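K.L.:
Structure file query.cif, mmCIF, C-alpha atoms, is pasted below:
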```cif
data_coords
#
loop_
_atom_site.label_atom_id
_atom_site.label_comp_id
_atom_site.auth_asym_id
_atom_site.auth_seq_id
_atom_site.Cartn_x
_atom_site.Cartn_y
_atom_site.Cartn_z
CA ASN A 1 0.00 0.00 0.00
CA TYR A 2 3.05 2.25 -0.19
CA GLU A 3 1.92 3.80 -3.48
CA ALA A 4 -1.47 4.84 -2.08
CA TYR A 5 -0.71 5.65 1.56
CA GLY A 6 3.04 6.05 2.02
CA VAL A 7 5.37 4.68 4.70
CA LEU A 8 4.37 3.72 8.25
CA TYR A 9 6.97 4.48 10.95
CA ASN A 10 7.38 3.34 14.53
CA TRP A 11 7.97 6.24 16.91
CA SER A 12 11.74 5.83 17.22
CA ALA A 13 12.14 5.82 13.41
CA LEU A 14 9.90 8.87 13.18
CA MET A 15 12.04 10.75 15.70
CA SER A 16 15.32 9.90 13.95
CA GLU A 17 17.42 12.59 12.31
CA GLY A 18 16.46 13.34 8.73
CA ILE A 19 12.90 12.01 8.76
CA CYS A 20 11.65 15.50 7.92
CA PRO A 21 13.29 17.77 5.34
CA SER A 22 15.53 20.60 6.54
CA GLY A 23 13.39 23.36 8.05
CA TRP A 24 10.61 20.94 9.02
CA HIS A 25 9.85 18.87 12.16
CA VAL A 26 7.43 16.28 13.52
CA PRO A 27 4.66 18.28 15.23
CA SER A 28 4.14 18.08 18.97
CA ASP A 29 0.83 17.32 20.64
CA ASP A 30 0.48 21.07 21.34
CA GLU A 31 0.95 21.87 17.65
CA TRP A 32 -1.75 19.35 16.72
CA GLN A 33 -4.03 21.01 19.27
CA THR A 34 -3.35 24.42 17.70
CA MET A 35 -4.42 23.04 14.32
CA GLU A 36 -7.53 21.41 15.81
CA ILE A 37 -8.56 24.70 17.44
CA SER A 38 -8.00 26.54 14.14
CA LEU A 39 -10.44 24.05 12.54
CA GLY A 40 -13.10 24.83 15.14
CA MET A 41 -12.49 22.47 18.08
CA ILE A 42 -13.39 24.20 21.33
CA GLU A 43 -10.49 24.78 23.71
CA SER A 44 -12.19 22.95 26.59
CA GLU A 45 -12.19 19.76 24.47
CA VAL A 46 -8.72 19.89 22.94
CA GLU A 47 -6.94 18.40 26.00
CA ASN A 48 -9.36 15.46 26.24
CA THR A 49 -8.49 11.96 25.06
CA GLY A 50 -10.74 9.81 22.91
CA TRP A 51 -12.94 11.16 20.13
CA ARG A 52 -13.15 14.96 20.31
CA GLY A 53 -14.62 17.77 18.30
CA THR A 54 -17.33 17.82 15.67
CA ASP A 55 -16.17 17.94 12.04
CA GLU A 56 -12.45 18.70 12.39
CA GLY A 57 -11.56 15.20 11.16
CA TYR A 58 -13.86 15.65 8.16
CA GLN A 59 -11.99 18.86 7.34
CA MET A 60 -8.66 16.98 7.51
CA LYS A 61 -9.65 13.85 5.53
CA PHE A 62 -8.90 13.81 1.82
CA THR A 63 -11.80 13.78 -0.63
CA SER A 64 -11.15 10.18 -1.70
CA GLY A 65 -9.56 6.96 -0.46
CA TRP A 66 -11.67 6.40 2.66
CA MET A 67 -13.85 3.27 2.70
CA ASP A 68 -17.66 3.27 3.00
CA ASN A 69 -17.93 6.81 1.61
CA GLY A 70 -16.06 8.14 4.67
CA ASN A 71 -14.20 10.76 2.64
CA GLY A 72 -13.74 14.27 3.95
CA SER A 73 -13.81 17.79 2.54
CA ASN A 74 -10.07 18.49 2.92
CA LEU A 75 -10.97 22.12 3.72
CA SER A 76 -7.88 22.21 5.96
CA GLY A 77 -5.51 21.18 3.17
CA PHE A 78 -4.17 18.38 5.40
CA LYS A 79 -5.01 15.66 2.84
CA ALA A 80 -5.30 12.88 5.44
CA LEU A 81 -5.29 9.39 3.94
CA PRO A 82 -6.26 6.17 5.72
CA GLY A 83 -2.90 4.39 5.80
CA GLY A 84 -3.94 2.10 8.66
CA TYR A 85 -1.19 0.85 10.95
CA CYS A 86 1.49 -1.79 11.27
CA GLU A 87 2.31 -4.08 14.18
CA SER A 88 4.17 -7.36 14.63
CA SER A 89 1.38 -9.33 12.93
CA GLY A 90 1.42 -7.10 9.84
CA PHE A 91 -0.55 -4.27 8.30
CA SER A 92 -4.15 -3.50 9.20
CA SER A 93 -7.05 -1.07 8.66
CA ASN A 94 -5.82 0.74 5.56
CA GLY A 95 -8.76 2.45 3.92
CA GLU A 96 -10.55 2.65 7.27
CA PHE A 97 -8.23 4.46 9.70
CA GLY A 98 -5.38 6.94 9.53
CA HIS A 99 -2.96 7.20 12.49
CA TRP A 100 -0.29 9.86 13.06
CA TRP A 101 2.35 10.10 15.75
CA THR A 102 3.13 13.36 17.50
CA ALA A 103 6.60 14.23 18.80
CA SER A 104 5.21 14.21 22.36
CA GLU A 105 5.77 11.37 24.78
CA SER A 106 3.38 10.30 27.50
CA GLY A 107 5.22 8.02 29.90
CA SER A 108 6.61 5.09 27.88
CA ASN A 109 4.04 5.77 25.13
CA SER A 110 3.60 8.55 22.61
CA ARG A 111 0.68 10.83 21.81
CA ARG A 112 -1.11 10.09 18.55
CA ARG A 113 -4.04 11.17 16.42
CA MET A 114 -6.47 8.95 14.56
CA LEU A 115 -9.12 9.61 11.93
CA ALA A 116 -11.72 7.03 10.89
CA SER A 117 -13.88 6.55 7.84
CA ASP A 118 -17.01 6.48 10.00
CA PHE A 119 -16.23 9.47 12.28
CA ASP A 120 -15.83 13.18 11.51
CA SER A 121 -14.10 14.01 14.81
CA VAL A 122 -10.43 13.47 15.82
CA PHE A 123 -9.15 10.81 18.24
CA ARG A 124 -6.35 11.78 20.65
CA GLY A 125 -4.65 9.15 22.75
CA ASN A 126 -1.44 7.39 23.79
CA LEU A 127 -0.06 4.16 22.40
CA ASN A 128 3.02 1.97 22.54
CA LYS A 129 5.78 3.32 20.32
CA TYR A 130 6.34 0.07 18.41
CA TYR A 131 3.27 0.54 16.18
CA GLY A 132 3.82 1.79 12.65
CA PHE A 133 1.85 4.96 11.85
CA SER A 134 1.88 7.64 9.19
CA ALA A 135 4.10 10.68 9.60
CA ARG A 136 3.46 14.37 9.06
CA CYS A 137 6.05 17.11 9.11
CA LEU A 138 5.39 20.76 9.96
CA GLN A 139 7.40 23.69 8.65
CA ASP A 140 9.58 25.37 11.32
#
```
So, in terms of structure tokens, how does the structure I just supplied come out?

P.N.:
Amino acid sequence: NYEAYGVLYNWSALMSEGICPSGWHVPSDDEWQTMEISLGMIESEVENTGWRGTDEGYQMKFTSGWMDNGNGSNLSGFKALPGGYCESSGFSSNGEFGHWWTASESGSNSRRRMLASDFDSVFRGNLNKYYGFSARCLQD
């Protein structure tokens, strides 16, 4: 699925030197929250875990590629694609879910975001760093 969705990285690979081009970096959890607020998420919700917001995920999802007509509007320009994830047993959920690491740790885990074909909100949570997720870089 590389052609359609790109590479999936575990957290340590994502945080390695050179993963983002010069002048770019992996966004922190705070930077993700700033984007979510700019898309309309209320500030009292942005720190919560689980599914949050209303249509911020819909604004981030690309206009095609999501199963069961779960495409978004891409009004944000984020162009989120459902690359799924990778774990020791292989690849899973491409077409249904998109997962992105943040640069922020939470104990022995890392903060992440998830979008789903059947939800228009954004999931925020923590997960073990060995999973393979999509990467996004933010300009410095």

K.L.:
Env of Tyr85 in chain A: 9 Å cut, atoms = all atoms listed in the file, seq-sep filter 5 positions within chain, self excluded. Answer as a ChimeraX atom specification.

P.N.:
/A:8-9,90-94,97-99,131-134

K.L.:
What's around Asp120 in chain A at 10 Å? Count all atoms listed in the file, leave out sequence neighbours fewer than 5 positions away in its own chain, and write the answer as a list in words.

P.N.:
Trp51, Arg52, Gly53, Thr54, Asp55, Glu56, Gly57, Tyr58, Gln59, Met60, Lys61, Gly70, Asn71, Gly72 and Leu115 of chain A

K.L.:
Would you place a box with edges along x, y and z of the file around all atoms of range 26-39 of chain A listed there, add 6 Å to each of its six sides, and report the centre and edge lengths in Å to one decimal, as JSON?

P.N.:
```
{"center_x": -1.5, "center_y": 21.4, "center_z": 16.9, "size_x": 29.9, "size_y": 22.3, "size_z": 20.8}
```

K.L.:
Using only C-alpha atoms, can you tell me which of A:Pro27, A:Gly6, A:Gly125, A:Gly65 comes closest to Asp140 in chain A?

P.N.:
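With only C-alpha atoms as the atom set, the closest residue is A:Pro27.
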
K.L.:
Hey, what's within 9 Å of Ser106 in chain A if we count only C-alpha atoms and toss same-chain stuff fewer than 3 positions away? As a ChimeraX atom specification, please?

P.N.:
/A:109-111,126-127

K.L.:
Could you give me, as a PDB file with C-alpha atoms, keeping the file's coordinate frame, the residues that sit within 6 Å of (-8.3, 24.2, 9.7) in the file's coordinates, counting only C-alpha atoms?

P.N.:
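The resulting file, result_22.pdb, is shown below:
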```pdb
ATOM      1  CA  SER A  38      -8.000  26.540  14.140  1.00  0.00           C
ATOM      2  CA  LEU A  39     -10.440  24.050  12.540  1.00  0.00           C
ATOM      3  CA  SER A  76      -7.880  22.210   5.960  1.00  0.00           C
TER       4      SER A  76
END
```

K.L.:
Nearest to Ser121 in chain A: which of A:Arg136, A:Ser88, A:Trp100, A:Glu36 is it, counting all atoms listed in the file?

P.N.:
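Closest to Ser121 in chain A of all the choices is A:Glu36.
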
K.L.:
Of the candidates A:Trp101, A:Trp24, A:Phe78, A:Phe62, which one gets nearest to Trp11 in chain A if we count only C-alpha atoms?

P.N.:
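The answer is A:Trp101, which sits nearest to Trp11 in chain A.
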
K.L.:
Go through A:Glu87, A:Asp68, A:Glu47, A:Glu105 and flag the residue nearest Asp118 in chain A, using all atoms listed in the file for the distances.

P.N.:
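Ranking A:Glu87, A:Asp68, A:Glu47, A:Glu105 by distance to Asp118 in chain A, first place goes to A:Asp68.
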
K.L.:
May I ask for the distance between CA of Ala80 in chain A and CA of Arg124 in chain A, given in Å to one decimal place?

P.N.:
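It comes out at 15.3 Å.
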
K.L.:
By how many Å are CA of Ser104 in chain A and CA of Trp32 in chain A apart?

P.N.:
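Between CA of Ser104 in chain A and CA of Trp32 in chain A the gap is 10.3 Å.
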
K.L.:
Take CA of Gly23 in chain A and CA of Glu3 in chain A and report the distance between them in Å, one decimal.

P.N.:
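So the two atoms, CA of Gly23 in chain A and CA of Glu3 in chain A, lie 25.4 Å apart.
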
K.L.:
Can you spell out as number ranges by chain the set of residues that the PyMOL selection byres ((chain A and resi 28) around 6) selects in the structure I just provided?

P.N.:
A: 27, 29-31, 102-104

K.L.:
Here is a test: counting only C-alpha atoms, which residue of A:Asn1, A:Ser22, A:Ser89, A:Ser12 is nearest to Cys137 in chain A?

P.N.:
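Using only C-alpha atoms, Cys137 in chain A sits closest to A:Ser22.
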
K.L.:
Output requested as a PDB file, keeping the file's coordinate frame - range 97-128 of chain A, filled out with N, CA and C atoms.

P.N.:
```
ATOM      1  N   PHE A  97      -8.788   3.573   8.671  1.00  0.00           N
ATOM      2  CA  PHE A  97      -8.230   4.460   9.700  1.00  0.00           C
ATOM      3  C   PHE A  97      -6.927   5.090   9.223  1.00  0.00           C
ATOM      4  N   GLY A  98      -6.680   6.289   9.682  1.00  0.00           N
ATOM      5  CA  GLY A  98      -5.380   6.940   9.530  1.00  0.00           C
ATOM      6  C   GLY A  98      -4.863   7.266  10.920  1.00  0.00           C
ATOM      7  N   HIS A  99      -3.592   6.955  11.186  1.00  0.00           N
ATOM      8  CA  HIS A  99      -2.960   7.200  12.490  1.00  0.00           C
ATOM      9  C   HIS A  99      -1.705   8.030  12.263  1.00  0.00           C
ATOM     10  N   TRP A 100      -1.472   9.015  13.148  1.00  0.00           N
ATOM     11  CA  TRP A 100      -0.290   9.860  13.060  1.00  0.00           C
ATOM     12  C   TRP A 100       0.314  10.027  14.436  1.00  0.00           C
ATOM     13  N   TRP A 101       1.629   9.835  14.514  1.00  0.00           N
ATOM     14  CA  TRP A 101       2.350  10.100  15.750  1.00  0.00           C
ATOM     15  C   TRP A 101       2.504  11.599  15.939  1.00  0.00           C
ATOM     16  N   THR A 102       2.644  12.013  17.198  1.00  0.00           N
ATOM     17  CA  THR A 102       3.130  13.360  17.500  1.00  0.00           C
ATOM     18  C   THR A 102       4.556  13.185  18.037  1.00  0.00           C
ATOM     19  N   ALA A 103       5.259  14.283  18.219  1.00  0.00           N
ATOM     20  CA  ALA A 103       6.600  14.230  18.800  1.00  0.00           C
ATOM     21  C   ALA A 103       6.556  14.181  20.321  1.00  0.00           C
ATOM     22  N   SER A 104       5.373  14.145  20.906  1.00  0.00           N
ATOM     23  CA  SER A 104       5.210  14.210  22.360  1.00  0.00           C
ATOM     24  C   SER A 104       5.066  12.834  22.982  1.00  0.00           C
ATOM     25  N   GLU A 105       5.851  12.624  24.038  1.00  0.00           N
ATOM     26  CA  GLU A 105       5.770  11.370  24.780  1.00  0.00           C
ATOM     27  C   GLU A 105       4.779  11.504  25.930  1.00  0.00           C
ATOM     28  N   SER A 106       4.258  10.376  26.334  1.00  0.00           N
ATOM     29  CA  SER A 106       3.380  10.300  27.500  1.00  0.00           C
ATOM     30  C   SER A 106       3.772   9.033  28.252  1.00  0.00           C
ATOM     31  N   GLY A 107       4.646   9.186  29.226  1.00  0.00           N
ATOM     32  CA  GLY A 107       5.220   8.020  29.900  1.00  0.00           C
ATOM     33  C   GLY A 107       6.058   7.230  28.904  1.00  0.00           C
ATOM     34  N   SER A 108       5.854   5.920  28.833  1.00  0.00           N
ATOM     35  CA  SER A 108       6.610   5.090  27.880  1.00  0.00           C
ATOM     36  C   SER A 108       5.906   5.031  26.519  1.00  0.00           C
ATOM     37  N   ASN A 109       4.786   5.729  26.385  1.00  0.00           N
ATOM     38  CA  ASN A 109       4.040   5.770  25.130  1.00  0.00           C
ATOM     39  C   ASN A 109       4.240   7.117  24.440  1.00  0.00           C
ATOM     40  N   SER A 110       3.578   7.274  23.319  1.00  0.00           N
ATOM     41  CA  SER A 110       3.600   8.550  22.610  1.00  0.00           C
ATOM     42  C   SER A 110       2.172   8.976  22.308  1.00  0.00           C
ATOM     43  N   ARG A 111       1.982  10.280  22.212  1.00  0.00           N
ATOM     44  CA  ARG A 111       0.680  10.830  21.810  1.00  0.00           C
ATOM     45  C   ARG A 111       0.471  10.557  20.325  1.00  0.00           C
ATOM     46  N   ARG A 112      -0.784  10.334  19.953  1.00  0.00           N
ATOM     47  CA  ARG A 112      -1.110  10.090  18.550  1.00  0.00           C
ATOM     48  C   ARG A 112      -2.448  10.706  18.216  1.00  0.00           C
ATOM     49  N   ARG A 113      -2.733  10.769  16.922  1.00  0.00           N
ATOM     50  CA  ARG A 113      -4.040  11.170  16.420  1.00  0.00           C
ATOM     51  C   ARG A 113      -4.536  10.072  15.496  1.00  0.00           C
ATOM     52  N   MET A 114      -5.860   9.933  15.442  1.00  0.00           N
ATOM     53  CA  MET A 114      -6.470   8.950  14.560  1.00  0.00           C
ATOM     54  C   MET A 114      -7.715   9.566  13.932  1.00  0.00           C
ATOM     55  N   LEU A 115      -7.898   9.277  12.653  1.00  0.00           N
ATOM     56  CA  LEU A 115      -9.120   9.610  11.930  1.00  0.00           C
ATOM     57  C   LEU A 115      -9.713   8.303  11.432  1.00  0.00           C
ATOM     58  N   ALA A 116     -11.026   8.253  11.315  1.00  0.00           N
ATOM     59  CA  ALA A 116     -11.720   7.030  10.890  1.00  0.00           C
ATOM     60  C   ALA A 116     -12.708   7.348   9.788  1.00  0.00           C
ATOM     61  N   SER A 117     -12.939   6.361   8.937  1.00  0.00           N
ATOM     62  CA  SER A 117     -13.880   6.550   7.840  1.00  0.00           C
ATOM     63  C   SER A 117     -15.292   6.822   8.332  1.00  0.00           C
ATOM     64  N   ASP A 118     -15.641   6.327   9.512  1.00  0.00           N
ATOM     65  CA  ASP A 118     -17.010   6.480  10.000  1.00  0.00           C
ATOM     66  C   ASP A 118     -17.168   7.524  11.113  1.00  0.00           C
ATOM     67  N   PHE A 119     -16.150   8.382  11.312  1.00  0.00           N
ATOM     68  CA  PHE A 119     -16.230   9.470  12.280  1.00  0.00           C
ATOM     69  C   PHE A 119     -15.722  10.753  11.633  1.00  0.00           C
ATOM     70  N   ASP A 120     -16.289  11.878  12.012  1.00  0.00           N
ATOM     71  CA  ASP A 120     -15.830  13.180  11.510  1.00  0.00           C
ATOM     72  C   ASP A 120     -15.011  13.930  12.546  1.00  0.00           C
ATOM     73  N   SER A 121     -14.888  13.374  13.763  1.00  0.00           N
ATOM     74  CA  SER A 121     -14.100  14.010  14.810  1.00  0.00           C
ATOM     75  C   SER A 121     -12.670  13.448  14.785  1.00  0.00           C
ATOM     76  N   VAL A 122     -11.849  13.855  15.755  1.00  0.00           N
ATOM     77  CA  VAL A 122     -10.430  13.470  15.820  1.00  0.00           C
ATOM     78  C   VAL A 122     -10.175  12.737  17.130  1.00  0.00           C
ATOM     79  N   PHE A 123      -9.515  11.582  17.049  1.00  0.00           N
ATOM     80  CA  PHE A 123      -9.150  10.810  18.240  1.00  0.00           C
ATOM     81  C   PHE A 123      -7.776  11.249  18.716  1.00  0.00           C
ATOM     82  N   ARG A 124      -7.646  11.470  20.024  1.00  0.00           N
ATOM     83  CA  ARG A 124      -6.350  11.780  20.650  1.00  0.00           C
ATOM     84  C   ARG A 124      -6.123  10.750  21.743  1.00  0.00           C
ATOM     85  N   GLY A 125      -4.947  10.133  21.737  1.00  0.00           N
ATOM     86  CA  GLY A 125      -4.650   9.150  22.750  1.00  0.00           C
ATOM     87  C   GLY A 125      -3.160   8.847  22.810  1.00  0.00           C
ATOM     88  N   ASN A 126      -2.817   7.856  23.609  1.00  0.00           N
ATOM     89  CA  ASN A 126      -1.440   7.390  23.790  1.00  0.00           C
ATOM     90  C   ASN A 126      -1.370   5.946  23.318  1.00  0.00           C
ATOM     91  N   LEU A 127      -0.222   5.549  22.814  1.00  0.00           N
ATOM     92  CA  LEU A 127      -0.060   4.160  22.400  1.00  0.00           C
ATOM     93  C   LEU A 127       1.413   3.793  22.435  1.00  0.00           C
ATOM     94  N   ASN A 128       1.663   2.492  22.538  1.00  0.00           N
ATOM     95  CA  ASN A 128       3.020   1.970  22.540  1.00  0.00           C
ATOM     96  C   ASN A 128       3.743   2.393  21.270  1.00  0.00           C
TER      97      ASN A 128
END
```
